[in-house]
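J.: Quick one: the structure is below, questions incoming.
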Amino acid sequence: MRTFHAVREARGRVVCFPHAGGAASAYHKLSAGLAQAGVQAVAVQYPGRQDRFRESCAERLETVVDAVLAELAGAYDDGAPQALFGHSMGAVIAFEAARRLEALGRGPSVLFVSGRQAPSLPWPPPGTRSLRDADDAELVRELTALSGDTAAALAHPELLAFALPALRGDYRMLEDHRYVPGPRLSCPVVALAGDQDPRVEVANVARWEEETRGGFEMRVLPGGHFFVQEQVDEVVKAVAGRM
């Protein structure tokens, strides 16, 4: 876990799960906004990137969930209200973590899922190709479709050498993961979607409602796949308002 902005006497904590190829720093702006609202954000740092770049990427999504739950049971077992937030691939990991936490009697106060279709739907979506074994050029084209700014930065060979292995590893992990039907979550689920997301249809984000009996809310915000970076203030309002 990484903490960017410590909050004294926080009224709650949000554990944030990054997107495929992403790192904890993707939540730096969100962390700052939540800190101003009195909410502590901690971000998961997956292996294979930033200060963990020497480690191999996780091959199984369950391995990531195991590591997060072990850390939550240790350093973060303080009884504070705790929510989970995941964007894109991170939404799937946060969902599986919420399931496990509820089974242990330590379920989150709320699950926030962003920029991701409901987990029961097939991935990759029908009509799109698998990226688990994509070459570098294909991965860059995908990044261009999702975020031109990110793709421009990755045009530098030295950045590609660091970024693409983690991205490819995450795509493999995500595509190898299989959704298993189970009891609905008892916590509320808040789903966020970008109205111009080229990969995730708003109607498919709405189907997260099928995964909870604790109440469902959905917000559609302006922007593409990475609307969470473009609409930080609105995302802060959505999260802080439910803590």
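Going through the structure tokens in order, the chains are called A, B, and so on, while each chain numbers its residues from 1 and the ligands are numbered from 1 in the order shown.
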As number ranges by chain, please: the residues near Cys187 of chain A (cut-off 6 Å, only C-alpha atoms, same-chain neighbours under 3 positions excluded).

T.: A: 109-110, 214

J.: Could you pull the residues within 6 Å of Gln40 of chain A, counting only C-alpha atoms, minus those fewer than 4 positions along the same chain, as a list in words?

T.: Val7, Ala10, Arg13 and Ala35 of chain A

J.: Would you mind listing what lies within 12 Å of Gly38 of chain A as a PyMOL selection string, with only C-alpha atoms counted and same-chain residues fewer than 6 positions away left out?

T.: chain A and resi 5-14+31-32+236-237+239-241+243

J.: Which residues are close to Ala203 of chain A, i.e. within 12 Å by only C-alpha atoms, leaving aside same-chain residues fewer than 3 positions away? Reply as a list in words.

T.: Gly115, Arg116, Gln117, Ala118, Leu121, Ala191, Leu192, Ala193, Gly194, Asp195, Asp197, Arg199, Val200, Ala206, Arg207, Trp208, Glu209, Met218, Arg219 and Val220 of chain A

J.: Create the file for the chosen residues now, containing C-alpha atoms and written as a short mmCIF file (atom, residue, chain, number, x, y, z; two decimals), in the first residue's frame.

T.:
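Just written: result_8.cif:
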data_model
loop_
_atom_site.label_atom_id
_atom_site.label_comp_id
_atom_site.auth_asym_id
_atom_site.auth_seq_id
_atom_site.Cartn_x
_atom_site.Cartn_y
_atom_site.Cartn_z
CA GLY A 115 -14.63 2.29 -15.98
CA ARG A 116 -15.39 -1.43 -16.04
CA GLN A 117 -18.25 -3.58 -17.22
CA ALA A 118 -19.92 -5.93 -14.74
CA LEU A 121 -20.01 -10.22 -18.69
CA ALA A 191 -20.51 2.47 -10.34
CA LEU A 192 -18.82 5.26 -12.32
CA ALA A 193 -18.63 5.42 -16.11
CA GLY A 194 -17.29 7.76 -18.78
CA ASP A 195 -19.80 8.79 -21.40
CA ASP A 197 -15.36 5.42 -23.07
CA ARG A 199 -14.11 0.18 -24.62
CA VAL A 200 -16.74 0.10 -21.84
CA ALA A 206 -25.00 -0.52 -15.04
CA ARG A 207 -25.09 -4.29 -14.71
CA TRP A 208 -22.94 -4.08 -11.59
CA GLU A 209 -26.31 -3.70 -9.88
CA MET A 218 -24.46 4.88 -10.86
CA ARG A 219 -22.93 8.09 -12.12
CA VAL A 220 -21.99 8.82 -15.72
#

J.: Would you please extract all strand (DSSP E) residues from segment 70-134 of chain A, as assigned by DSSP on the backbone, and give them as a ChimeraX atom specification?

T.: /A:82-87,111-114

J.: Could you save those same residues with C-alpha atoms as a PDB file, in the first residue's frame?

T.:
ATOM      1  CA  GLN A  82     -13.190   1.141   4.898  1.00  0.00           C
ATOM      2  CA  ALA A  83     -14.272   1.297   1.269  1.00  0.00           C
ATOM      3  CA  LEU A  84     -12.736  -0.198  -1.865  1.00  0.00           C
ATOM      4  CA  PHE A  85     -12.262   1.692  -5.144  1.00  0.00           C
ATOM      5  CA  GLY A  86     -11.112   0.123  -8.389  1.00  0.00           C
ATOM      6  CA  HIS A  87     -10.761   1.530 -11.890  1.00  0.00           C
ATOM      7  CA  LEU A 111     -17.497  -0.782  -3.205  1.00  0.00           C
ATOM      8  CA  PHE A 112     -16.724   1.804  -5.906  1.00  0.00           C
ATOM      9  CA  VAL A 113     -16.226   0.380  -9.416  1.00  0.00           C
ATOM     10  CA  SER A 114     -15.090   2.650 -12.227  1.00  0.00           C
TER      11      SER A 114
END

J.: I'd like the neighbourhood of Arg168 of chain A as a VMD selection string, where a residue qualifies if any of its atoms comes within 8 Å (using only C-alpha atoms), though same-chain residues fewer than 2 positions away should be ignored.

T.: chain A and resid 21 131 to 134 139 164 to 166 170 to 172

J.: Those selected residues, please, written with all heavy atoms and delivered as a tab-separated table (two decimals), in the first residue's frame.

T.:
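So the final result, stored in part.tsv, reads:
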chain	number	residue	atom	x	y	z
A	21	GLY	N	-1.65	-2.10	-16.06
A	21	GLY	CA	-0.43	-1.35	-16.36
A	21	GLY	C	-0.21	-0.17	-15.46
A	21	GLY	O	0.82	0.49	-15.54
A	131	LEU	N	-5.75	-9.36	-25.86
A	131	LEU	CA	-4.48	-8.62	-25.82
A	131	LEU	C	-3.44	-9.31	-24.93
A	131	LEU	O	-2.37	-8.76	-24.69
A	131	LEU	CB	-4.72	-7.19	-25.31
A	131	LEU	CG	-5.50	-6.28	-26.25
A	131	LEU	CD1	-5.86	-4.97	-25.55
A	131	LEU	CD2	-4.70	-6.00	-27.52
A	132	ARG	N	-3.76	-10.52	-24.46
A	132	ARG	CA	-2.84	-11.18	-23.52
A	132	ARG	C	-1.49	-11.50	-24.16
A	132	ARG	O	-0.47	-11.55	-23.48
A	132	ARG	CB	-3.48	-12.44	-22.95
A	132	ARG	CG	-3.69	-13.56	-23.92
A	132	ARG	CD	-4.38	-14.77	-23.31
A	132	ARG	NE	-3.88	-15.15	-22.00
A	132	ARG	CZ	-2.77	-15.83	-21.81
A	132	ARG	NH1	-2.02	-16.18	-22.85
A	132	ARG	NH2	-2.39	-16.15	-20.59
A	133	ASP	N	-1.47	-11.73	-25.47
A	133	ASP	CA	-0.22	-12.02	-26.17
A	133	ASP	C	0.09	-10.99	-27.25
A	133	ASP	O	0.80	-11.28	-28.21
A	133	ASP	CB	-0.29	-13.42	-26.79
A	133	ASP	CG	-0.41	-14.51	-25.73
A	133	ASP	OD1	0.34	-14.45	-24.74
A	133	ASP	OD2	-1.27	-15.40	-25.89
A	134	ALA	N	-0.46	-9.79	-27.08
A	134	ALA	CA	-0.24	-8.74	-28.07
A	134	ALA	C	1.22	-8.30	-28.11
A	134	ALA	O	1.91	-8.29	-27.09
A	134	ALA	CB	-1.14	-7.54	-27.76
A	139	LEU	N	-0.11	-3.12	-28.30
A	139	LEU	CA	-0.39	-2.52	-27.00
A	139	LEU	C	-0.38	-1.00	-27.09
A	139	LEU	O	-1.21	-0.33	-26.47
A	139	LEU	CB	0.65	-3.00	-25.98
A	139	LEU	CG	0.56	-4.46	-25.57
A	139	LEU	CD1	1.65	-4.79	-24.56
A	139	LEU	CD2	-0.81	-4.80	-24.98
A	164	LEU	N	5.47	-1.56	-20.77
A	164	LEU	CA	4.75	-2.60	-21.50
A	164	LEU	C	4.79	-3.97	-20.83
A	164	LEU	O	3.78	-4.70	-20.89
A	164	LEU	CB	5.26	-2.69	-22.94
A	164	LEU	CG	4.92	-1.48	-23.82
A	164	LEU	CD1	5.28	-1.77	-25.26
A	164	LEU	CD2	3.44	-1.11	-23.72
A	165	PRO	N	5.88	-4.39	-20.21
A	165	PRO	CA	5.84	-5.69	-19.53
A	165	PRO	C	4.76	-5.77	-18.45
A	165	PRO	O	4.05	-6.78	-18.34
A	165	PRO	CB	7.24	-5.82	-18.93
A	165	PRO	CG	8.10	-5.00	-19.82
A	165	PRO	CD	7.25	-3.82	-20.20
A	166	ALA	N	4.60	-4.70	-17.67
A	166	ALA	CA	3.56	-4.69	-16.65
A	166	ALA	C	2.18	-4.70	-17.28
A	166	ALA	O	1.27	-5.41	-16.82
A	166	ALA	CB	3.72	-3.46	-15.74
A	170	ASP	N	-0.57	-7.69	-16.87
A	170	ASP	CA	-1.90	-7.43	-16.31
A	170	ASP	C	-3.00	-7.92	-17.26
A	170	ASP	O	-4.01	-8.47	-16.82
A	170	ASP	CB	-2.08	-5.94	-16.03
A	170	ASP	CG	-1.30	-5.48	-14.82
A	170	ASP	OD1	-0.77	-6.34	-14.09
A	170	ASP	OD2	-1.22	-4.25	-14.60
A	171	TYR	N	-2.81	-7.72	-18.56
A	171	TYR	CA	-3.81	-8.21	-19.52
A	171	TYR	C	-3.91	-9.73	-19.45
A	171	TYR	O	-5.01	-10.31	-19.51
A	171	TYR	CB	-3.46	-7.77	-20.94
A	171	TYR	CG	-3.88	-6.36	-21.29
A	171	TYR	CD1	-3.10	-5.55	-22.10
A	171	TYR	CD2	-5.07	-5.83	-20.82
A	171	TYR	CE1	-3.48	-4.27	-22.44
A	171	TYR	CE2	-5.46	-4.54	-21.13
A	171	TYR	CZ	-4.66	-3.77	-21.95
A	171	TYR	OH	-5.05	-2.49	-22.27
A	172	ARG	N	-2.79	-10.39	-19.32
A	172	ARG	CA	-2.82	-11.86	-19.22
A	172	ARG	C	-3.55	-12.29	-17.95
A	172	ARG	O	-4.38	-13.20	-17.97
A	172	ARG	CB	-1.39	-12.40	-19.22
A	172	ARG	CG	-0.71	-12.32	-20.57
A	172	ARG	CD	0.74	-12.78	-20.49
A	172	ARG	NE	1.37	-12.75	-21.81
A	172	ARG	CZ	2.65	-12.92	-22.03
A	172	ARG	NH1	3.47	-13.13	-21.01
A	172	ARG	NH2	3.14	-12.89	-23.26

J.: Could you give me, as a Markdown table, every segment 105-191 of chain A residue with an atom at most 12 Å from segment 67-78 of chain A, plus its closest atom pair and distance in Å to one decimal, counting only C-alpha atoms, rows ordered by chain then number?

T.:
| residue | atom | partner | partner_atom | distance |
| --- | --- | --- | --- | --- |
| A:Gly105 | CA | A:Ala73 | CA | 12.0 |
| A:Arg106 | CA | A:Ala73 | CA | 9.5 |
| A:Gly107 | CA | A:Leu69 | CA | 11.1 |
| A:Pro108 | CA | A:Leu72 | CA | 11.3 |

J.: Go ahead and write the selection's residues with C-alpha atoms as a PDB file, in the first residue's frame.

T.:
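File produced: selection.pdb:
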ATOM      1  CA  GLY A 105     -16.983 -10.908   8.180  1.00  0.00           C
ATOM      2  CA  ARG A 106     -14.924  -7.791   7.402  1.00  0.00           C
ATOM      3  CA  GLY A 107     -16.751  -6.490   4.350  1.00  0.00           C
ATOM      4  CA  PRO A 108     -16.186  -2.962   3.037  1.00  0.00           C
TER       5      PRO A 108
END

J.: So which one's closest to Gly224 of chain A, A:Ala238, A:Leu104, A:Val202, A:Leu146? Using only C-alpha atoms, please.

T.: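 Checking each of A:Ala238, A:Leu104, A:Val202, A:Leu146 against Gly224 of chain A, counting only C-alpha atoms, the winner is A:Leu146.
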
J.: Segment 51-61 of chain A: which residues within 8 Å, counting only C-alpha atoms, same-chain residues fewer than 5 positions away excluded, as a list in words?

T.: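 Using only C-alpha atoms, the neighbours found are Gln45, Tyr46, Ile93, Phe162, Ala166, Gly169, Asp170, Arg172, Met173, Leu174, Asp176 and His177 of chain A.
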
J.: Atoms to include: C-alpha atoms. Write the selected residues as a short mmCIF file (atom, residue, chain, number, x, y, z; two decimals), in the first residue's frame.

T.:
data_model
loop_
_atom_site.label_atom_id
_atom_site.label_comp_id
_atom_site.auth_asym_id
_atom_site.auth_seq_id
_atom_site.Cartn_x
_atom_site.Cartn_y
_atom_site.Cartn_z
CA GLN A 45 1.09 -1.04 -5.62
CA TYR A 46 1.07 -4.08 -7.87
CA ILE A 93 -9.72 -6.94 -8.20
CA PHE A 162 9.37 -0.29 -18.26
CA ALA A 166 3.56 -4.69 -16.65
CA GLY A 169 1.26 -9.10 -17.59
CA ASP A 170 -1.90 -7.43 -16.31
CA ARG A 172 -2.82 -11.86 -19.22
CA MET A 173 -3.85 -11.98 -15.58
CA LEU A 174 -7.15 -10.29 -16.32
CA ASP A 176 -7.11 -15.65 -17.44
CA HIS A 177 -9.40 -14.73 -14.54
#
